[in-house]
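Everything below belongs to start.cif, which stores mmCIF, C-alpha atoms.
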```
data_model
loop_
_atom_site.label_atom_id
_atom_site.label_comp_id
_atom_site.auth_asym_id
_atom_site.auth_seq_id
_atom_site.Cartn_x
_atom_site.Cartn_y
_atom_site.Cartn_z
CA MET S 1 -51.36 -24.47 -7.77
CA SER S 2 -53.15 -25.28 -10.99
CA ARG S 3 -51.39 -25.20 -14.34
CA SER S 4 -53.13 -22.01 -15.45
CA HIS S 5 -52.12 -20.27 -12.24
CA PHE S 6 -48.53 -21.38 -12.69
CA LEU S 7 -48.48 -20.09 -16.29
CA ALA S 8 -49.96 -16.76 -15.18
CA PHE S 9 -47.30 -16.49 -12.46
CA LEU S 10 -44.55 -17.29 -15.01
CA GLY S 11 -45.92 -14.65 -17.39
CA LEU S 12 -45.98 -12.05 -14.64
CA CYS S 13 -42.39 -12.82 -13.71
CA SER S 14 -41.15 -12.52 -17.29
CA ALA S 15 -43.14 -9.30 -17.72
CA LEU S 16 -41.29 -7.84 -14.75
CA VAL S 17 -37.82 -9.19 -15.50
CA VAL S 18 -37.50 -8.74 -19.27
CA PRO S 19 -38.11 -4.94 -19.41
CA SER S 20 -35.58 -4.35 -16.60
CA MET S 21 -32.97 -6.41 -18.51
CA VAL S 22 -33.68 -4.46 -21.68
CA SER S 23 -33.41 -1.10 -19.90
CA ALA S 24 -30.15 -2.19 -18.22
CA GLN S 25 -28.73 -3.08 -21.62
CA SER S 26 -29.85 0.16 -23.21
CA ALA S 27 -28.48 2.11 -20.21
CA ALA S 28 -25.02 0.51 -20.58
CA LYS S 29 -22.63 3.24 -21.59
CA PRO S 30 -20.43 2.81 -24.66
CA LYS S 31 -16.81 2.07 -23.83
CA LEU S 32 -14.39 4.97 -23.67
CA SER S 33 -11.15 4.88 -25.60
CA ALA S 34 -7.60 5.99 -24.75
CA THR S 35 -4.18 4.56 -25.47
CA ALA S 36 -2.51 5.79 -22.30
CA ILE S 37 -3.37 6.55 -18.69
CA GLN S 38 -1.50 8.46 -16.02
CA ILE S 39 -2.04 7.50 -12.40
CA ALA S 40 -2.09 10.58 -10.17
CA MET S 41 -0.88 10.39 -6.56
CA VAL S 42 -3.64 9.66 -4.06
CA GLU S 43 -5.02 12.88 -2.54
CA ALA S 44 -5.96 12.85 1.13
CA GLY S 45 -7.25 16.40 1.58
CA GLU S 46 -8.22 16.91 5.22
CA ILE S 47 -8.49 13.18 5.94
CA GLN S 48 -5.89 11.77 8.33
CA ILE S 49 -4.41 8.74 6.60
CA PRO S 50 -0.89 7.39 7.13
CA ALA S 51 1.49 8.05 4.23
CA GLU S 52 2.17 4.34 3.69
CA PHE S 53 -1.52 3.78 2.88
CA ARG S 54 -1.54 6.57 0.27
CA PHE S 55 1.65 5.35 -1.36
CA ALA S 56 0.58 1.69 -1.22
CA VAL S 57 -2.72 2.52 -2.98
CA TYR S 58 -0.81 4.48 -5.63
CA GLU S 59 1.75 1.70 -6.23
CA ARG S 60 -0.87 -1.02 -6.33
CA LEU S 61 -2.99 1.03 -8.74
CA VAL S 62 -0.04 1.31 -11.11
CA GLU S 63 0.44 -2.48 -10.88
CA GLN S 64 -3.22 -3.38 -11.26
CA VAL S 65 -4.00 -1.00 -14.13
CA ARG S 66 -0.89 -2.26 -15.97
CA ALA S 67 -1.96 -5.87 -15.37
CA SER S 68 -5.50 -5.14 -16.62
CA GLY S 69 -4.15 -4.52 -20.14
CA ALA S 70 -6.78 -1.83 -20.83
CA PHE S 71 -4.13 0.67 -21.97
CA GLN S 72 -1.04 0.44 -24.13
CA LYS S 73 0.90 2.62 -21.69
CA VAL S 74 0.47 3.31 -17.99
CA TYR S 75 2.39 6.32 -16.68
CA ARG S 76 3.14 7.32 -13.14
CA SER S 77 2.47 10.77 -11.75
CA GLY S 78 5.03 13.32 -12.98
CA ASP S 79 6.37 11.15 -15.83
CA ARG S 80 7.57 13.52 -18.56
CA ALA S 81 7.12 10.82 -21.21
CA ALA S 82 3.34 11.29 -20.88
CA ASP S 83 3.48 14.95 -21.92
CA GLY S 84 3.23 14.38 -25.67
CA ILE S 85 0.35 11.89 -25.72
CA PRO S 86 -2.82 13.54 -27.08
CA ASP S 87 -5.42 11.03 -25.83
CA LEU S 88 -3.90 10.64 -22.37
CA VAL S 89 -6.40 10.24 -19.54
CA THR S 90 -5.63 10.68 -15.86
CA LEU S 91 -6.87 8.58 -12.96
CA HIS S 92 -7.42 10.62 -9.79
CA THR S 93 -8.08 9.03 -6.41
CA LYS S 94 -9.29 11.13 -3.49
CA VAL S 95 -9.68 9.72 0.02
CA GLU S 96 -13.10 10.54 1.50
CA ALA S 97 -12.88 8.52 4.72
CA PHE S 98 -10.41 6.23 6.44
CA LYS S 99 -10.94 3.92 9.39
CA GLU S 100 -7.97 1.96 10.59
CA GLY S 101 -9.01 -1.33 12.19
CA SER S 102 -7.04 -3.95 14.05
CA GLN S 103 -5.72 -7.22 12.66
CA THR S 104 -5.83 -8.89 16.08
CA LYS S 105 -9.48 -7.87 16.69
CA ARG S 106 -10.42 -9.03 13.18
CA GLU S 107 -8.90 -12.45 13.60
CA LEU S 108 -10.21 -12.98 17.13
CA THR S 109 -13.77 -11.76 16.68
CA THR S 110 -14.33 -11.88 12.88
CA VAL S 111 -16.86 -9.05 13.39
CA PHE S 112 -14.87 -6.09 14.73
CA GLY S 113 -11.66 -4.44 13.62
CA ALA S 114 -12.23 -4.03 9.88
CA THR S 115 -10.06 -1.47 8.09
CA LYS S 116 -11.98 0.64 5.59
CA VAL S 117 -11.09 3.32 3.04
CA ASP S 118 -13.68 5.28 1.05
CA VAL S 119 -12.39 7.03 -2.06
CA THR S 120 -13.66 8.85 -5.10
CA ALA S 121 -12.00 7.55 -8.26
CA SER S 122 -12.32 9.72 -11.34
CA VAL S 123 -10.84 9.67 -14.82
CA THR S 124 -10.36 12.94 -16.65
CA ALA S 125 -9.36 13.75 -20.21
CA ARG S 126 -6.51 16.11 -21.09
CA ASP S 127 -8.95 19.05 -21.30
CA GLY S 128 -10.21 18.34 -17.78
CA ARG S 129 -13.46 16.71 -18.90
CA SER S 130 -14.69 14.06 -16.44
CA LEU S 131 -15.01 10.65 -18.12
CA MET S 132 -15.70 8.49 -15.09
CA ASP S 133 -16.53 9.20 -11.47
CA HIS S 134 -17.25 6.58 -8.82
CA LYS S 135 -17.27 6.21 -5.06
CA ILE S 136 -15.48 3.05 -4.02
CA THR S 137 -14.82 1.37 -0.68
CA GLY S 138 -11.86 -0.88 0.08
CA ARG S 139 -11.98 -3.21 3.08
CA VAL S 140 -9.97 -5.81 4.89
CA ARG S 141 -12.32 -7.89 7.02
CA PHE S 142 -10.65 -11.02 8.33
CA PHE S 143 -7.15 -12.15 7.49
CA GLY S 144 -4.25 -9.90 6.71
CA GLU S 145 -2.59 -6.73 7.89
CA ASN S 146 -4.22 -3.31 7.67
CA LEU S 147 -2.20 -2.40 4.58
CA GLY S 148 -4.06 -5.17 2.75
CA VAL S 149 -6.93 -2.70 2.32
CA THR S 150 -4.86 -0.94 -0.34
CA ASN S 151 -4.82 -4.10 -2.45
CA ASP S 152 -8.60 -4.52 -2.25
CA LEU S 153 -9.14 -0.88 -3.16
CA ALA S 154 -6.73 -0.94 -6.10
CA LYS S 155 -8.39 -4.09 -7.47
CA ARG S 156 -11.83 -2.47 -7.33
CA ILE S 157 -10.69 0.76 -8.99
CA SER S 158 -8.77 -1.12 -11.66
CA LYS S 159 -11.85 -3.27 -12.41
CA LEU S 160 -13.98 -0.17 -12.89
CA VAL S 161 -11.38 1.39 -15.18
CA ARG S 162 -11.14 -1.82 -17.23
CA GLU S 163 -14.92 -1.94 -17.60
CA SER S 164 -15.05 1.68 -18.76
CA PHE S 165 -12.21 1.46 -21.32
CA MET Q 1 39.49 9.99 41.27
CA LYS Q 2 41.35 10.64 38.01
CA SER Q 3 41.38 6.94 37.19
CA ILE Q 4 37.60 6.71 37.76
CA ALA Q 5 37.00 9.69 35.46
CA ALA Q 6 39.29 8.18 32.80
CA THR Q 7 37.43 4.86 33.04
CA LEU Q 8 34.06 6.61 32.68
CA ILE Q 9 35.26 8.58 29.64
CA THR Q 10 36.66 5.41 28.05
CA LEU Q 11 33.37 3.56 28.64
CA ALA Q 12 31.31 6.46 27.26
CA THR Q 13 33.49 6.68 24.14
CA ALA Q 14 33.26 2.93 23.63
CA GLY Q 15 29.48 3.16 24.00
CA LEU Q 16 29.28 5.91 21.40
CA VAL Q 17 31.46 3.97 18.95
CA TRP Q 18 29.32 0.83 19.51
CA ALA Q 19 26.13 2.84 18.97
CA GLN Q 20 27.43 4.28 15.71
CA THR Q 21 28.45 0.87 14.39
CA ALA Q 22 25.07 -0.52 15.37
CA THR Q 23 23.15 2.09 13.39
CA THR Q 24 25.22 1.71 10.23
CA ALA Q 25 25.20 -2.11 10.21
CA PRO Q 26 22.86 -3.49 7.53
CA ASN Q 27 19.65 -4.94 8.91
CA PRO Q 28 18.93 -8.35 7.40
CA ASN Q 29 15.29 -8.42 8.46
CA VAL Q 30 13.79 -5.77 6.23
CA ARG Q 31 10.70 -6.74 4.23
CA HIS Q 32 9.92 -5.03 0.95
CA VAL Q 33 6.18 -4.30 1.02
CA ILE Q 34 5.84 -2.66 -2.39
CA GLY Q 35 7.39 -0.04 -4.68
CA LEU Q 36 10.69 -1.42 -5.98
CA ASP Q 37 10.64 -2.65 -9.56
CA THR Q 38 13.04 -5.58 -9.43
CA SER Q 39 12.35 -6.88 -5.93
CA LYS Q 40 9.33 -9.07 -5.30
CA ARG Q 41 6.68 -8.12 -2.79
CA ASN Q 42 7.39 -9.36 0.73
CA ALA Q 43 10.98 -10.22 -0.19
CA SER Q 44 13.36 -10.00 2.78
CA GLY Q 45 16.73 -8.39 2.49
CA THR Q 46 19.14 -5.81 3.81
CA LEU Q 47 18.57 -2.08 3.65
CA THR Q 48 21.63 0.17 3.74
CA VAL Q 49 22.67 3.70 2.92
CA GLN Q 50 25.85 3.44 0.87
CA ASP Q 51 27.69 5.45 -1.80
CA GLY Q 52 24.98 8.08 -2.13
CA ALA Q 53 22.13 5.60 -2.50
CA LEU Q 54 19.58 3.63 -0.52
CA ARG Q 55 20.25 -0.03 -1.29
CA PHE Q 56 17.89 -2.93 -0.80
CA LYS Q 57 19.54 -6.26 -1.42
CA THR Q 58 17.86 -9.66 -1.47
CA ARG Q 59 19.37 -13.02 -2.45
CA LYS Q 60 18.24 -12.55 -6.04
CA ALA Q 61 18.12 -8.81 -6.71
CA GLU Q 62 19.46 -5.45 -5.69
CA ASN Q 63 17.66 -2.12 -5.98
CA THR Q 64 19.26 1.27 -5.54
CA VAL Q 65 17.52 4.58 -5.03
CA PRO Q 66 19.85 7.58 -5.42
CA ILE Q 67 19.69 9.79 -2.33
CA ALA Q 68 19.37 12.88 -4.54
CA SER Q 69 16.11 11.54 -6.02
CA ILE Q 70 14.42 11.10 -2.63
CA ASN Q 71 11.90 13.86 -1.96
CA ASP Q 72 10.31 12.64 1.29
CA ILE Q 73 10.56 9.97 3.96
CA PHE Q 74 7.75 8.84 6.27
CA VAL Q 75 7.87 6.63 9.34
CA GLY Q 76 4.89 4.69 10.65
CA THR Q 77 4.07 1.49 12.53
CA GLU Q 78 1.97 -1.55 11.77
CA THR Q 79 1.05 -4.67 13.70
CA THR Q 80 1.49 -7.74 11.62
CA GLN Q 81 1.90 -11.48 11.93
CA SER Q 82 5.31 -12.96 12.54
CA GLY Q 83 6.63 -16.07 10.84
CA GLY Q 84 6.17 -15.00 7.22
CA LYS Q 85 4.58 -17.49 4.81
CA THR Q 86 5.03 -20.39 7.23
CA GLY Q 87 3.24 -18.39 9.90
CA ARG Q 88 0.34 -17.75 7.55
CA VAL Q 89 0.05 -21.45 6.70
CA VAL Q 90 0.15 -22.44 10.38
CA LYS Q 91 -2.53 -19.88 11.24
CA THR Q 92 -4.76 -21.04 8.39
CA ALA Q 93 -4.35 -24.66 9.48
CA ALA Q 94 -5.14 -23.68 13.07
CA ILE Q 95 -8.65 -22.60 12.02
CA ALA Q 96 -9.55 -26.29 12.15
CA ALA Q 97 -8.47 -26.60 15.79
CA PRO Q 98 -11.37 -27.46 18.16
CA TYR Q 99 -13.21 -24.79 20.18
CA GLU Q 100 -11.53 -22.05 18.12
CA SER Q 101 -8.37 -22.65 20.14
CA GLY Q 102 -6.35 -21.82 17.03
CA LYS Q 103 -7.12 -18.17 17.63
CA VAL Q 104 -4.53 -18.21 20.41
CA LEU Q 105 -1.96 -18.18 17.62
CA THR Q 106 -3.25 -14.76 16.56
CA ILE Q 107 -2.18 -13.35 19.92
CA LEU Q 108 1.05 -15.31 20.08
CA MET Q 109 2.18 -14.55 16.55
CA ARG Q 110 1.55 -10.83 16.38
CA THR Q 111 4.48 -8.49 16.09
CA LYS Q 112 4.83 -4.76 15.69
CA VAL Q 113 6.98 -3.39 12.87
CA ASP Q 114 8.10 0.02 11.69
CA ILE Q 115 7.01 1.08 8.22
CA LEU Q 116 9.43 3.21 6.23
CA THR Q 117 8.02 4.93 3.15
CA VAL Q 118 10.49 6.51 0.75
CA SER Q 119 9.07 8.80 -1.92
CA PHE Q 120 11.36 9.37 -4.91
CA HIS Q 121 11.39 10.34 -8.59
CA ASP Q 122 13.04 8.31 -11.36
CA PRO Q 123 15.12 10.01 -14.12
CA ASP Q 124 11.90 10.66 -16.14
CA GLY Q 125 10.33 12.47 -13.21
CA ALA Q 126 7.87 9.65 -12.40
CA LEU Q 127 6.84 9.35 -8.76
CA HIS Q 128 7.57 6.14 -6.85
CA GLY Q 129 6.89 5.12 -3.26
CA ALA Q 130 8.98 2.31 -1.81
CA ILE Q 131 7.56 0.82 1.38
CA PHE Q 132 9.59 -1.32 3.78
CA ALA Q 133 8.75 -3.09 7.04
CA LEU Q 134 11.60 -2.94 9.54
CA PRO Q 135 12.04 -4.22 13.10
CA ILE Q 136 10.56 -1.80 15.58
CA GLY Q 137 12.68 1.27 16.22
CA GLN Q 138 14.76 0.90 13.02
CA ALA Q 139 12.82 3.14 10.64
CA ALA Q 140 13.59 6.38 12.49
CA LEU Q 141 17.30 5.47 12.49
CA MET Q 142 17.20 4.77 8.76
CA ARG Q 143 15.41 8.07 8.19
CA THR Q 144 18.12 9.91 10.14
CA GLN Q 145 20.84 8.18 8.11
CA LEU Q 146 19.13 9.13 4.86
CA VAL Q 147 18.71 12.75 5.93
CA GLN Q 148 22.36 12.89 7.04
CA ALA Q 149 23.36 11.51 3.64
CA GLY Q 150 21.48 14.38 1.96
CA ALA Q 151 17.98 13.04 1.32
CA HIS Q 152 15.18 15.60 1.36
CA ALA Q 153 12.53 15.06 4.02
CA THR Q 154 9.96 17.37 5.56
CA PRO Q 155 10.31 17.89 9.34
CA ASP Q 156 9.87 14.85 11.56
CA ASP Q 157 6.81 15.94 13.60
CA SER Q 158 4.45 16.34 10.68
CA GLN Q 159 5.67 13.29 8.79
CA THR Q 160 5.40 10.57 11.40
CA SER Q 161 2.29 8.66 10.43
CA GLU Q 162 -0.02 7.33 13.10
CA GLY Q 163 -0.74 3.88 11.67
CA GLY Q 164 -0.48 0.59 13.46
CA LYS Q 165 -3.34 -0.40 15.68
CA PRO Q 166 -2.63 -3.85 17.08
#
```

Let me see the file written as structure tokens.
Amino acid sequence: MSRSHFLAFLGLCSALVVPSMVSAQSAAKPKLSATAIQIAMVEAGEIQIPAEFRFAVYERLVEQVRASGAFQKVYRSGDRAADGIPDLVTLHTKVEAFKEGSQTKRELTTVFGATKVDVTASVTARDGRSLMDHKITGRVRFFGENLGVTNDLAKRISKLVRESF
Amino acid sequence: MKSIAATLITLATAGLVWAQTATTAPNPNVRHVIGLDTSKRNASGTLTVQDGALRFKTRKAENTVPIASINDIFVGTETTQSGGKTGRVVKTAAIAAPYESGKVLTILMRTKVDILTVSFHDPDGALHGAIFALPIGQAALMRTQLVQAGAHATPDDSQTSEGGKP
């Protein structure tokens, strides 16, 4: 490849990459603001999911969101102390799909037996306005018991919340 | 004939008494999965129903959940690895074994446990879910003890979760 060809190729690449970077930056939403968040209990709807998975996701969410430091206060579902906070936002988690795998299969085959939970995580303001809405999947692929999926899911949701606030 | 009947009655009564003592004895092999504030995750301890509260006691901490604050109890199963942290280290080290022979440990070290989930509210009304792993067959007994002590729980059939594929 001659030098002129190389320079033309480089120019073409930068012409393609730079505008996409600029548009990604301009598309980045401004950060939301709230001093407190309430974590609602995980809703399962019609999906069959063992109770321990729902409660484990809820407990780990409380832990992870607290650890993220994005809010001054993190309240649990039903906490009366949250009633008087004007800028309180609420994190809702709804299970969309659940597939329970097998730890033994995972560790023996490394391909089969993954446990997977699909959820919709949304944050609403006090007036019911939706501030954030994402579909997230939690997985446990190789090591660890099936309940480990709740940790993966909570980490992902907490990361999204931290990036939004 | 009378002596045989008397012996049978005595044996049956002794069996009942033994069974009752067995169910109320604290189980030292309960693992706290998550949900209690002052106990660490995966801490082992004893779980008892005493003086109107569910008590989980480890070497370093003790948590109590008043029976009156419990609003539901769920029982499920899970297949996990035995041996705790040491087991995990051994299994990780076994990955290096030739011809993937270390995977035999996966089969040898698996164990089935009961999962007991206790849903309760603290004095501020906040919802908590304490999850424990118990030896197989123990969670239903603990649930019965809690219900007998006055804990609220929705009927057994609908609340038994179906988790725990091996």

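Considering all atoms listed in the file, the residue among S:Ala40, S:Ala82, S:Leu108, S:Ala154 positioned nearest to chain Q is S:Leu108.
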
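The set of residues that the PyMOL selection byres ((chain S and resi 138) around 10) takes from this file is S:Phe98, S:Thr115, S:Lys116, S:Val117, S:Asp118, S:Val119, S:Ile136, S:Thr137, S:Arg139, S:Val140, S:Arg141, S:Gly148, S:Val149, S:Thr150, S:Asn151, S:Asp152, S:Leu153, S:Ala154, S:Lys155, S:Arg156, S:Ile157.
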
Quick one: of S:Arg106, S:Arg126, S:Lys94, S:Arg66, who's nearest to chain Q, counting all atoms listed in the file?
S:Arg106

Between Q:Val118, Q:Ala153, Q:Ala53, Q:Val147, which residue has the minimum interatomic distance to chain S, considering only C-alpha atoms?
Q:Val118

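The residues returned by the PyMOL selection byres ((chain S) within 8 of (chain Q)) on the shown structure are Ile49, Pro50, Ala51, Glu52, Phe55, Ala56, Glu59, Arg60, Tyr75, Arg76, Ser77, Gly78, Asp79, Arg80, Ala81, Glu100, Gly101, Ser102, Gln103, Thr104, Lys105, Glu107, Leu108, Gly144, Glu145 and Asn146 of chain S.
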
Apply the PyMOL selection byres ((chain S and resi 68) around 9) to the file shown and report the selected residues as a list in words.
Glu63, Gln64, Val65, Arg66, Ala67, Gly69, Ala70, Phe71, Ser158, Lys159, Val161 and Arg162 of chain S

List as a PyMOL selection string the residues having at least one atom at most 10 Å from position (18.0, -7.2, -5.4) as given in the file, counting all atoms listed in the file.
chain Q and resi 36-40+43-46+55-64

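We find CA of Ala114 (chain S) and CA of Val57 (chain S) to be spaced 17.3 Å apart.
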
For the atom pair CA of Ser33 (chain S) and CA of His92 (chain S), what is the interatomic distance in Å to one decimal place?
17.2 Å

Just checking: using all atoms listed in the file, which residue out of S:Glu96, S:Asp87, S:Val111, S:Leu160 ends up closest to Asp127 (chain S)?
S:Asp87

Would you compute an axis-aligned box for region 126-145 of chain Q, covering every atom listed for it in the file with 3 Å of margin on each side, and report centre and edge lengths in Å to one decimal as AutoDock Vina command-line options?
```
--center_x 13.8 --center_y 2.8 --center_z 1.9 --size_x 20.0 --size_y 20.1 --size_z 34.6
```
